[in-house]
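Source file: structure.tsv (TSV, C-alpha atoms)
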chain	number	residue	atom	x	y	z
A	1460	MET	CA	-254.71	-47.36	33.72
A	1461	LEU	CA	-253.00	-44.19	32.55
A	1462	LEU	CA	-254.88	-42.29	35.26
A	1463	SER	CA	-253.26	-44.54	37.84
A	1464	ALA	CA	-249.85	-43.75	36.40
A	1465	ALA	CA	-250.54	-40.03	36.32
A	1466	ALA	CA	-251.76	-40.08	39.91
A	1467	ALA	CA	-248.38	-41.37	40.98
A	1468	LEU	CA	-246.51	-38.41	39.51
A	1469	PRO	CA	-246.81	-36.12	42.57
A	1470	CYS	CA	-244.89	-38.72	44.54
A	1471	ARG	CA	-241.72	-37.81	42.64
A	1472	ALA	CA	-241.09	-34.83	44.88
A	1473	ALA	CA	-241.36	-37.01	47.97
A	1474	ALA	CA	-239.01	-39.60	46.50
A	1475	GLN	CA	-235.98	-37.30	46.49
A	1476	PRO	CA	-235.93	-34.68	49.25
A	1477	PRO	CA	-233.96	-31.57	48.20
A	1478	GLY	CA	-230.52	-30.79	49.52
A	1479	TRP	CA	-229.12	-34.31	49.70
A	1480	LEU	CA	-226.70	-33.95	46.79
A	1481	SER	CA	-224.10	-31.83	48.57
A	1482	VAL	CA	-220.40	-32.41	49.16
A	1483	LEU	CA	-220.73	-30.10	52.17
A	1484	LYS	CA	-222.70	-32.69	54.18
A	1485	PRO	CA	-220.14	-35.48	54.60
A	1486	ALA	CA	-221.10	-38.69	56.38
A	1487	GLY	CA	-217.81	-40.57	56.09
A	1488	PRO	CA	-214.02	-40.03	56.05
A	1489	GLN	CA	-213.71	-39.98	52.26
A	1490	ALA	CA	-216.46	-37.37	51.91
A	1491	GLU	CA	-214.94	-35.36	54.77
A	1492	ALA	CA	-211.65	-35.14	52.88
A	1493	ILE	CA	-213.45	-33.81	49.80
A	1494	ALA	CA	-215.44	-31.34	51.92
A	1495	ASP	CA	-212.24	-30.05	53.58
A	1496	ILE	CA	-210.64	-29.42	50.19
A	1497	ALA	CA	-213.82	-27.71	48.97
A	1498	TRP	CA	-213.97	-25.41	52.02
A	1499	VAL	CA	-210.32	-24.41	51.61
A	1500	LEU	CA	-210.95	-23.55	47.96
A	1501	PHE	CA	-214.14	-21.61	48.79
A	1502	ILE	CA	-212.58	-19.62	51.63
A	1503	GLY	CA	-209.25	-19.08	49.89
A	1504	GLY	CA	-210.90	-17.97	46.68
A	1505	THR	CA	-213.13	-15.56	48.58
A	1506	LEU	CA	-210.19	-14.01	50.47
A	1507	ILE	CA	-208.20	-13.57	47.27
A	1508	PHE	CA	-211.17	-11.99	45.53
A	1509	VAL	CA	-211.74	-9.57	48.42
A	1510	GLY	CA	-208.03	-8.71	48.47
A	1511	VAL	CA	-208.00	-7.95	44.76
A	1512	MET	CA	-211.08	-5.75	45.13
A	1513	VAL	CA	-209.41	-3.83	48.00
A	1514	LEU	CA	-206.30	-3.28	45.90
A	1515	LEU	CA	-208.50	-2.11	43.02
A	1516	ALA	CA	-210.26	0.39	45.27
A	1517	LEU	CA	-206.94	1.68	46.63
A	1518	SER	CA	-205.55	2.06	43.13
A	1519	LEU	CA	-208.56	4.12	42.10
A	1520	ARG	CA	-208.10	6.39	45.12
A	1521	ARG	CA	-204.38	6.88	44.50
A	1522	GLY	CA	-205.05	8.22	41.04
A	1523	ALA	CA	-201.97	8.49	38.83
A	1524	ARG	CA	-199.32	8.34	41.59
A	1525	PRO	CA	-196.27	6.27	40.62
A	1526	VAL	CA	-195.96	2.78	42.10
A	1527	ASN	CA	-193.17	0.23	42.26
A	1528	THR	CA	-194.30	-1.90	39.32
A	1529	TRP	CA	-191.66	-4.60	39.73
A	1530	ARG	CA	-192.54	-5.13	43.37
A	1531	TRP	CA	-196.14	-5.88	42.45
A	1532	VAL	CA	-195.18	-8.03	39.46
A	1533	VAL	CA	-192.73	-10.16	41.47
A	1534	GLY	CA	-194.73	-10.19	44.71
A	1535	GLY	CA	-198.26	-10.50	43.35
A	1536	GLY	CA	-197.51	-12.30	40.08
A	1537	VAL	CA	-194.77	-14.74	41.13
A	1538	VAL	CA	-194.22	-15.10	44.89
A	1539	PHE	CA	-197.86	-15.08	45.99
A	1540	PRO	CA	-199.18	-17.66	43.48
A	1541	VAL	CA	-196.14	-19.93	43.95
A	1542	VAL	CA	-196.48	-19.94	47.74
A	1543	THR	CA	-200.29	-20.24	47.69
A	1544	LEU	CA	-200.47	-22.98	45.06
A	1545	SER	CA	-197.62	-24.94	46.67
A	1546	ALA	CA	-199.38	-24.87	50.04
A	1547	LEU	CA	-202.63	-25.93	48.35
A	1548	LEU	CA	-200.82	-28.77	46.56
A	1549	VAL	CA	-199.42	-30.11	49.83
A	1550	PHE	CA	-202.76	-29.79	51.63
A	1551	ASN	CA	-204.66	-31.52	48.81
A	1552	GLY	CA	-202.08	-34.29	48.66
A	1553	VAL	CA	-202.40	-34.98	52.38
A	1554	ARG	CA	-206.22	-34.86	52.49
A	1555	SER	CA	-206.80	-36.73	49.23
A	1556	ALA	CA	-204.70	-39.65	50.49
A	1557	GLU	CA	-207.90	-40.76	52.23
A	1558	LEU	CA	-209.48	-41.28	48.81
A	1559	THR	CA	-206.79	-43.64	47.52
A	1560	ARG	CA	-206.20	-45.67	50.68
A	1561	PRO	CA	-206.98	-49.38	50.02
A	1562	PRO	CA	-209.87	-50.81	52.04
A	1563	PRO	CA	-209.16	-53.26	54.86
A	1564	GLY	CA	-209.56	-56.97	54.31
A	1565	ASP	CA	-212.93	-57.12	56.07
A	1566	ALA	CA	-214.51	-54.49	53.81
A	1567	LEU	CA	-217.94	-55.33	52.42
A	1568	VAL	CA	-217.67	-55.85	48.64
A	1569	VAL	CA	-220.72	-54.92	46.57
A	1570	SER	CA	-220.92	-55.20	42.79
A	1571	VAL	CA	-222.82	-52.45	41.01
A	1572	ILE	CA	-223.66	-52.67	37.30
A	1573	GLY	CA	-224.97	-49.56	35.57
A	1574	ARG	CA	-227.78	-50.08	33.06
A	1575	MET	CA	-230.05	-47.77	31.07
A	1576	TRP	CA	-231.49	-46.46	33.40
A	1577	TRP	CA	-231.15	-48.35	36.66
A	1578	TRP	CA	-228.53	-49.99	38.86
A	1579	GLU	CA	-228.06	-53.72	39.37
A	1580	VAL	CA	-226.61	-54.44	42.83
A	1581	GLN	CA	-225.06	-57.80	43.68
A	1582	TYR	CA	-224.06	-59.12	47.11
A	1583	ARG	CA	-222.07	-62.21	48.02
A	1584	ASP	CA	-221.02	-63.42	51.45
A	1585	PRO	CA	-217.59	-65.12	51.07
A	1586	ALA	CA	-218.01	-66.98	54.38
A	1587	SER	CA	-221.38	-68.59	53.68
A	1588	GLY	CA	-221.49	-68.38	49.90
A	1589	ARG	CA	-224.88	-66.66	50.09
A	1590	SER	CA	-225.54	-64.31	47.20
A	1591	PHE	CA	-228.44	-62.33	45.81
A	1592	THR	CA	-229.20	-59.47	43.44
A	1593	THR	CA	-231.22	-56.35	44.10
A	1594	ALA	CA	-231.60	-53.01	42.35
A	1595	ASN	CA	-231.13	-49.25	42.81
A	1596	GLU	CA	-230.41	-49.52	46.53
A	1597	ILE	CA	-227.21	-50.37	48.41
A	1598	ARG	CA	-227.64	-51.47	52.02
A	1599	VAL	CA	-224.51	-51.30	54.16
A	1600	PRO	CA	-223.61	-51.63	57.85
A	1601	ALA	CA	-222.72	-48.27	59.41
A	1602	GLY	CA	-219.07	-47.99	60.43
A	1603	ARG	CA	-217.84	-50.77	58.12
A	1604	PRO	CA	-215.77	-49.93	55.01
A	1605	VAL	CA	-217.50	-50.74	51.73
A	1606	ARG	CA	-215.85	-51.38	48.38
A	1607	LEU	CA	-218.02	-50.94	45.30
A	1608	ALA	CA	-216.97	-52.87	42.19
A	1609	LEU	CA	-218.40	-50.75	39.38
A	1610	GLU	CA	-219.20	-52.03	35.88
A	1611	THR	CA	-221.52	-51.08	33.07
A	1612	ALA	CA	-223.65	-53.25	30.82
A	1613	ASP	CA	-224.07	-50.65	28.09
A	1614	VAL	CA	-222.88	-47.02	27.93
A	1615	ILE	CA	-220.69	-45.01	30.30
A	1616	HIS	CA	-222.36	-44.22	33.62
A	1617	SER	CA	-220.91	-42.59	36.73
A	1618	ALA	CA	-221.75	-43.35	40.36
A	1619	TRP	CA	-221.74	-40.17	42.48
A	1620	LEU	CA	-222.34	-40.46	46.24
A	1621	PRO	CA	-221.52	-36.94	47.48
A	1622	SER	CA	-222.20	-37.61	51.18
A	1623	LEU	CA	-219.90	-40.65	51.14
A	1624	ASN	CA	-217.26	-40.11	48.44
A	1625	GLY	CA	-216.76	-38.51	45.04
A	1626	LYS	CA	-217.80	-39.94	41.69
A	1627	MET	CA	-216.40	-42.86	39.76
A	1628	ASP	CA	-217.09	-43.67	36.11
A	1629	LEU	CA	-218.43	-47.01	34.96
A	1630	VAL	CA	-216.61	-47.72	31.70
A	1631	PRO	CA	-217.38	-50.61	29.30
A	1632	GLY	CA	-214.85	-53.41	29.61
A	1633	ARG	CA	-213.43	-52.22	32.96
A	1634	VAL	CA	-214.11	-52.69	36.67
A	1635	ASN	CA	-213.52	-49.51	38.68
A	1636	HIS	CA	-213.71	-49.25	42.45
A	1637	LEU	CA	-215.10	-46.76	44.95
A	1638	VAL	CA	-214.52	-47.06	48.70
A	1639	PHE	CA	-216.58	-45.40	51.41
A	1640	THR	CA	-217.57	-45.77	55.05
A	1641	ALA	CA	-220.95	-44.51	56.28
A	1642	GLU	CA	-220.13	-43.42	59.83
A	1643	ARG	CA	-223.75	-43.34	61.02
A	1644	PRO	CA	-227.06	-44.91	59.98
A	1645	GLY	CA	-229.02	-42.91	57.46
A	1646	LEU	CA	-230.27	-42.63	53.89
A	1647	TYR	CA	-227.84	-41.12	51.36
A	1648	LEU	CA	-228.73	-40.18	47.81
A	1649	GLY	CA	-226.51	-40.90	44.84
A	1650	LYS	CA	-226.92	-40.17	41.14
A	1651	CYS	CA	-225.57	-41.09	37.77
A	1652	ALA	CA	-223.23	-38.17	37.01
A	1653	GLU	CA	-222.43	-39.03	33.38
A	1654	TYR	CA	-225.06	-38.32	30.72
A	1655	CYS	CA	-226.25	-41.71	29.53
A	1656	GLY	CA	-229.40	-41.05	27.53
A	1657	GLN	CA	-233.02	-39.98	27.76
A	1658	GLN	CA	-233.65	-40.94	31.40
A	1659	HIS	CA	-230.24	-40.03	32.80
A	1660	ALA	CA	-231.84	-37.60	35.26
A	1661	HIS	CA	-234.04	-40.40	36.67
A	1662	MET	CA	-231.25	-42.78	37.65
A	1663	ALA	CA	-230.90	-42.43	41.41
A	1664	LEU	CA	-228.86	-44.75	43.62
A	1665	HIS	CA	-229.77	-44.81	47.32
A	1666	VAL	CA	-227.38	-45.96	50.03
A	1667	VAL	CA	-229.08	-47.14	53.23
A	1668	ALA	CA	-226.70	-47.39	56.19
A	1669	GLU	CA	-228.00	-49.52	59.08
A	1670	THR	CA	-226.69	-50.88	62.33
A	1671	PRO	CA	-224.63	-54.07	61.82
A	1672	GLU	CA	-227.40	-56.14	63.44
A	1673	ALA	CA	-230.09	-54.69	61.18
A	1674	PHE	CA	-227.88	-55.22	58.12
A	1675	GLU	CA	-227.26	-58.87	58.96
A	1676	ALA	CA	-230.98	-59.45	59.42
A	1677	TRP	CA	-231.70	-57.74	56.08
A	1678	PHE	CA	-228.97	-59.76	54.36
A	1679	ALA	CA	-230.41	-63.03	55.67
A	1680	ARG	CA	-233.90	-62.14	54.42
A	1681	GLN	CA	-232.64	-61.04	51.00
A	1682	ALA	CA	-230.77	-64.31	50.47
A	1683	GLN	CA	-234.03	-66.26	50.79
A	1684	PRO	CA	-236.40	-66.94	47.86
A	1685	ALA	CA	-239.78	-65.27	47.66
A	1686	ALA	CA	-242.29	-66.44	50.25
A	1687	PRO	CA	-245.24	-68.55	49.02
A	1688	ALA	CA	-248.45	-66.66	48.29
A	1689	ALA	CA	-251.12	-68.19	50.53
A	1690	ASP	CA	-253.71	-65.40	50.28
A	1691	PRO	CA	-256.02	-65.80	47.22
A	1692	VAL	CA	-255.39	-62.24	46.03
A	1693	LEU	CA	-251.63	-62.67	46.31
A	1694	ALA	CA	-251.85	-66.06	44.58
A	1695	ALA	CA	-253.75	-64.36	41.73
A	1696	GLY	CA	-250.99	-61.74	41.52
A	1697	ARG	CA	-248.36	-64.45	41.32
A	1698	ARG	CA	-250.25	-66.12	38.46
A	1699	ALA	CA	-250.60	-62.77	36.68
A	1700	PHE	CA	-246.82	-62.29	36.92
A	1701	LEU	CA	-246.31	-65.52	34.99
A	1702	GLU	CA	-249.29	-65.25	32.62
A	1703	HIS	CA	-248.28	-61.76	31.45
A	1704	ARG	CA	-244.70	-62.94	30.96
A	1705	CYS	CA	-243.16	-60.55	33.49
A	1706	ASN	CA	-240.70	-63.38	34.14
A	1707	ALA	CA	-239.27	-62.88	30.64
A	1708	CYS	CA	-237.36	-59.89	32.06
A	1709	HIS	CA	-237.58	-60.13	35.85
A	1710	THR	CA	-236.30	-62.73	38.29
A	1711	VAL	CA	-238.28	-63.65	41.39
A	1712	ARG	CA	-236.34	-66.44	43.09
A	1713	GLY	CA	-238.67	-69.31	43.89
A	1714	VAL	CA	-241.05	-68.24	41.11
A	1715	ALA	CA	-239.02	-67.35	38.01
A	1716	GLU	CA	-235.26	-67.74	37.86
A	1717	GLU	CA	-232.43	-65.92	36.08
A	1718	SER	CA	-234.16	-63.33	33.91
A	1719	ARG	CA	-231.80	-60.38	33.87
A	1720	LEU	CA	-233.15	-57.88	31.34
A	1721	GLY	CA	-234.85	-55.99	34.16
A	1722	PRO	CA	-234.30	-55.63	37.91
A	1723	ASP	CA	-234.51	-58.65	40.20
A	1724	LEU	CA	-237.89	-58.42	41.98
A	1725	THR	CA	-237.47	-61.17	44.57
A	1726	HIS	CA	-237.76	-58.69	47.45
A	1727	VAL	CA	-238.89	-55.57	45.61
A	1728	GLY	CA	-241.37	-54.71	48.37
A	1729	SER	CA	-238.51	-54.09	50.81
A	1730	ARG	CA	-236.97	-51.35	48.66
A	1731	LEU	CA	-237.68	-47.74	49.43
A	1732	TYR	CA	-238.24	-46.72	45.81
A	1733	ILE	CA	-239.08	-48.11	42.39
A	1734	GLY	CA	-238.06	-46.80	38.97
A	1735	ALA	CA	-234.51	-45.92	40.19
A	1736	GLY	CA	-235.74	-43.42	42.75
A	1737	LEU	CA	-238.75	-42.22	40.77
A	1738	LEU	CA	-241.56	-43.36	43.12
A	1739	PRO	CA	-241.80	-44.65	46.71
A	1740	THR	CA	-242.61	-48.36	46.89
A	1741	HIS	CA	-246.32	-48.90	47.54
A	1742	PRO	CA	-249.04	-51.07	45.96
A	1743	GLY	CA	-250.56	-47.97	44.35
A	1744	THR	CA	-247.32	-46.73	42.82
A	1745	LEU	CA	-246.46	-50.25	41.68
A	1746	ALA	CA	-249.79	-50.45	39.86
A	1747	GLY	CA	-249.23	-47.03	38.30
A	1748	TRP	CA	-245.74	-48.02	37.23
A	1749	ILE	CA	-246.84	-51.29	35.62
A	1750	ALA	CA	-249.71	-49.65	33.74
A	1751	GLY	CA	-247.88	-46.51	32.65
A	1752	VAL	CA	-244.12	-46.96	32.60
A	1753	GLN	CA	-243.77	-45.01	29.38
A	1754	GLU	CA	-245.78	-42.09	30.76
A	1755	LEU	CA	-243.73	-41.99	33.98
A	1756	LYS	CA	-240.32	-42.75	32.49
A	1757	PRO	CA	-240.41	-42.38	28.67
A	1758	GLY	CA	-237.79	-44.46	26.92
A	1759	ALA	CA	-237.45	-47.05	29.68
A	1760	ARG	CA	-236.89	-50.57	28.41
A	1761	MET	CA	-240.12	-51.80	30.02
A	1762	PRO	CA	-243.35	-51.30	28.02
A	1763	SER	CA	-246.56	-50.03	29.61
A	1764	PHE	CA	-249.11	-52.73	30.49
A	1765	GLY	CA	-252.22	-50.59	30.37
A	1766	GLN	CA	-254.18	-53.49	28.89
A	1767	ILE	CA	-254.23	-55.39	32.22
A	1768	ASP	CA	-257.67	-55.25	33.82
A	1769	PRO	CA	-257.91	-53.35	37.16
A	1770	GLN	CA	-258.55	-56.43	39.31
A	1771	THR	CA	-255.57	-58.28	37.93
A	1772	LEU	CA	-253.39	-55.18	38.19
A	1773	GLN	CA	-254.38	-54.74	41.83
A	1774	ALA	CA	-253.54	-58.36	42.63
A	1775	LEU	CA	-250.20	-58.16	40.80
A	1776	SER	CA	-249.14	-54.95	42.56
A	1777	ALA	CA	-250.24	-56.34	45.95
A	1778	TRP	CA	-248.17	-59.49	45.40
A	1779	LEU	CA	-245.09	-57.48	44.41
A	1780	ALA	CA	-245.49	-55.11	47.37
A	1781	GLN	CA	-245.43	-57.98	49.90
A	1782	LEU	CA	-242.20	-59.45	48.49
A	1783	LYS	CA	-239.99	-58.37	51.39

What's the structure tokens form of this structure?
Amino acid sequence: MLLSAAAALPCRAAAQPPGWLSVLKPAGPQAEAIADIAWVLFIGGTLIFVGVMVLLALSLRRGARPVNTWRWVVGGGVVFPVVTLSALLVFNGVRSAELTRPPPGDALVVSVIGRMWWWEVQYRDPASGRSFTTANEIRVPAGRPVRLALETADVIHSAWLPSLNGKMDLVPGRVNHLVFTAERPGLYLGKCAEYCGQQHAHMALHVVAETPEAFEAWFARQAQPAAPAADPVLAAGRRAFLEHRCNACHTVRGVAEESRLGPDLTHVGSRLYIGAGLLPTHPGTLAGWIAGVQELKPGARMPSFGQIDPQTLQALSAWLAQLK
């Protein structure tokens, strides 16, 4: 069983393509405001540095010739920083207004609860009353404002979605909010940006922006309970889920209800990744995860189930993978 877990390790690189965590690749108005401020700081800082180096070179060439000291003190030490910093203050105030603007009334509200070391994501449709819980992945319709209600169930976490907005802390006893709009469909990587323990680095949060039609279809499927397992192998996997007491921590609506110690698995097969971005979702990686959680993610709250025989493990992982 540990060999299965170890075999899944190379998939980590594929799970998180490099270069996604960048404020310089905005995909929404809030992130564009942050990127504009960053570019002004980068370019302005570079020009000031170059100017200082030019003045230094000129001073070395002039040797010991007398200079008008007061002119440089007043001009370079008072006038220049006052004018530059005042202009920067005005520019930042105008651009950062995008970050504090309240969302419109039709914004999609998604509750996100930070846990050690994964994200619980809750949806509710006010019109129909439909609600469901998923994990580590936020699906949103492209072009529609989204308001995240951020809480924590344990320590301080911080949701950072650099392509969509900045970061917002999740503080015990408080509900903070983060607003963003994904202008185009795509997959955007987020991270926990506040050190929260041993597996802080393996606490990814993916945002999947889809067309409104695709999002509505996904929402309708997610609100449904798990489909019955008609195939004998899948039926064996369902029995294994109950016999090995997976339902003590995990909910699968229609099979085991309201167990919230671990992620809701009702439609786990439809998620792109498992383990909070650690591995792509696949029957093989699911089997490796079940058998060797503590080898893949030491310190996670789930124990390794290496004692499960291979046939049962295969049936269990196949049943979980088809929960879509």

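Computed from the coordinates, the atom CA of Arg1554 of chain A to atom CA of His1665 of chain A distance equals 26.1 Å.
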
**Item:** Residues near Val1727 of chain A, cut-off 10 Å, only C-alpha atoms, skip fewer than 3 positions along chain, as a VMD selection string
**Value:** chain A and resid 1593 to 1594 1681 1685 1711 1722 to 1724 1730 to 1733 1740 1779 to 1783

Take the residues from that selection and put them in a file with C-alpha atoms, as an mmCIF file, in the coordinates of the input.
data_model
loop_
_atom_site.group_PDB
_atom_site.id
_atom_site.type_symbol
_atom_site.label_atom_id
_atom_site.label_comp_id
_atom_site.auth_asym_id
_atom_site.auth_seq_id
_atom_site.Cartn_x
_atom_site.Cartn_y
_atom_site.Cartn_z
ATOM 1 C CA THR A 1593 -231.220 -56.350 44.100
ATOM 2 C CA ALA A 1594 -231.600 -53.010 42.350
ATOM 3 C CA GLN A 1681 -232.640 -61.040 51.000
ATOM 4 C CA ALA A 1685 -239.780 -65.270 47.660
ATOM 5 C CA VAL A 1711 -238.280 -63.650 41.390
ATOM 6 C CA PRO A 1722 -234.300 -55.630 37.910
ATOM 7 C CA ASP A 1723 -234.510 -58.650 40.200
ATOM 8 C CA LEU A 1724 -237.890 -58.420 41.980
ATOM 9 C CA ARG A 1730 -236.970 -51.350 48.660
ATOM 10 C CA LEU A 1731 -237.680 -47.740 49.430
ATOM 11 C CA TYR A 1732 -238.240 -46.720 45.810
ATOM 12 C CA ILE A 1733 -239.080 -48.110 42.390
ATOM 13 C CA THR A 1740 -242.610 -48.360 46.890
ATOM 14 C CA LEU A 1779 -245.090 -57.480 44.410
ATOM 15 C CA ALA A 1780 -245.490 -55.110 47.370
ATOM 16 C CA GLN A 1781 -245.430 -57.980 49.900
ATOM 17 C CA LEU A 1782 -242.200 -59.450 48.490
ATOM 18 C CA LYS A 1783 -239.990 -58.370 51.390
#

**Item:** Shell around Tyr1654 of chain A at 9 Å using only C-alpha atoms, local window under 6 positions removed, as a PyMOL selection string
**Value:** chain A and resi 1615-1617+1660

Create the file for the chosen residues now, containing C-alpha atoms and written as a PDB file, keeping the file's coordinate frame.
ATOM      1  CA  ILE A1615    -220.690 -45.010  30.300  1.00  0.00           C
ATOM      2  CA  HIS A1616    -222.360 -44.220  33.620  1.00  0.00           C
ATOM      3  CA  SER A1617    -220.910 -42.590  36.730  1.00  0.00           C
ATOM      4  CA  ALA A1660    -231.840 -37.600  35.260  1.00  0.00           C
TER       5      ALA A1660
END

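Among the candidates A:Gly1721, A:Pro1769, A:Gly1503, A:Pro1691, the one nearest to Gly1743 of chain A when counting only C-alpha atoms is A:Pro1769.
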
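In this model, the gap between atom CA of Pro1644 of chain A and atom CA of Leu1664 of chain A comes to 16.5 Å.
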
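Distance-wise, atom CA of Val1692 of chain A and atom CA of Pro1739 of chain A end up 22.2 Å apart.
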
Counting only C-alpha atoms, which residues of segment 1493-1577 of chain A sit at most 12 Å from some atom of segment 1636-1640 of chain A, and what is each one's closest atom pair with its distance in Å to one decimal, listed by chain and rising residue number, as CSV?
residue,atom,partner,partner_atom,distance
A:Glu1557,CA,A:Val1638,CA,9.8
A:Leu1558,CA,A:Val1638,CA,7.7
A:Thr1559,CA,A:Val1638,CA,8.5
A:Arg1560,CA,A:Val1638,CA,8.7
A:Pro1561,CA,A:Val1638,CA,8.0
A:Pro1562,CA,A:Val1638,CA,6.8
A:Pro1563,CA,A:Val1638,CA,10.3
A:Ala1566,CA,A:Val1638,CA,9.0
A:Leu1567,CA,A:Val1638,CA,9.7
A:Val1568,CA,A:Val1638,CA,9.3
A:Val1569,CA,A:His1636,CA,9.9
A:Ser1570,CA,A:His1636,CA,9.4
A:Val1571,CA,A:His1636,CA,9.8
A:Ile1572,CA,A:His1636,CA,11.7

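Using all atoms listed in the file for every distance, the candidate list A:Ala1652, A:Val1599, A:Leu1544, A:Ile1749 yields A:Val1599 as the residue closest to Ala1673 of chain A.
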
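Counting only C-alpha atoms and comparing A:Trp1778, A:Ala1492, A:Gly1656, A:Gly1696, the residue that lies closest to His1741 of chain A is A:Trp1778.
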
**Message:** List the spatial neighbours of Ser1763 of chain A as a VMD selection string - criterion: any atom at most 7 Å away, all atoms listed in the file, same-chain residues fewer than 4 positions off excluded.
**Reply:** chain A and resid 1749 to 1753

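Excluding Gln1683 of chain A itself and same-chain residues fewer than 5 positions from it, the residues having an atom within 10 Å of it are Arg1589, Ser1590, Phe1591, Phe1678, Arg1712, Gly1713, Thr1725, His1726 and Lys1783 of chain A, counting all atoms listed in the file.
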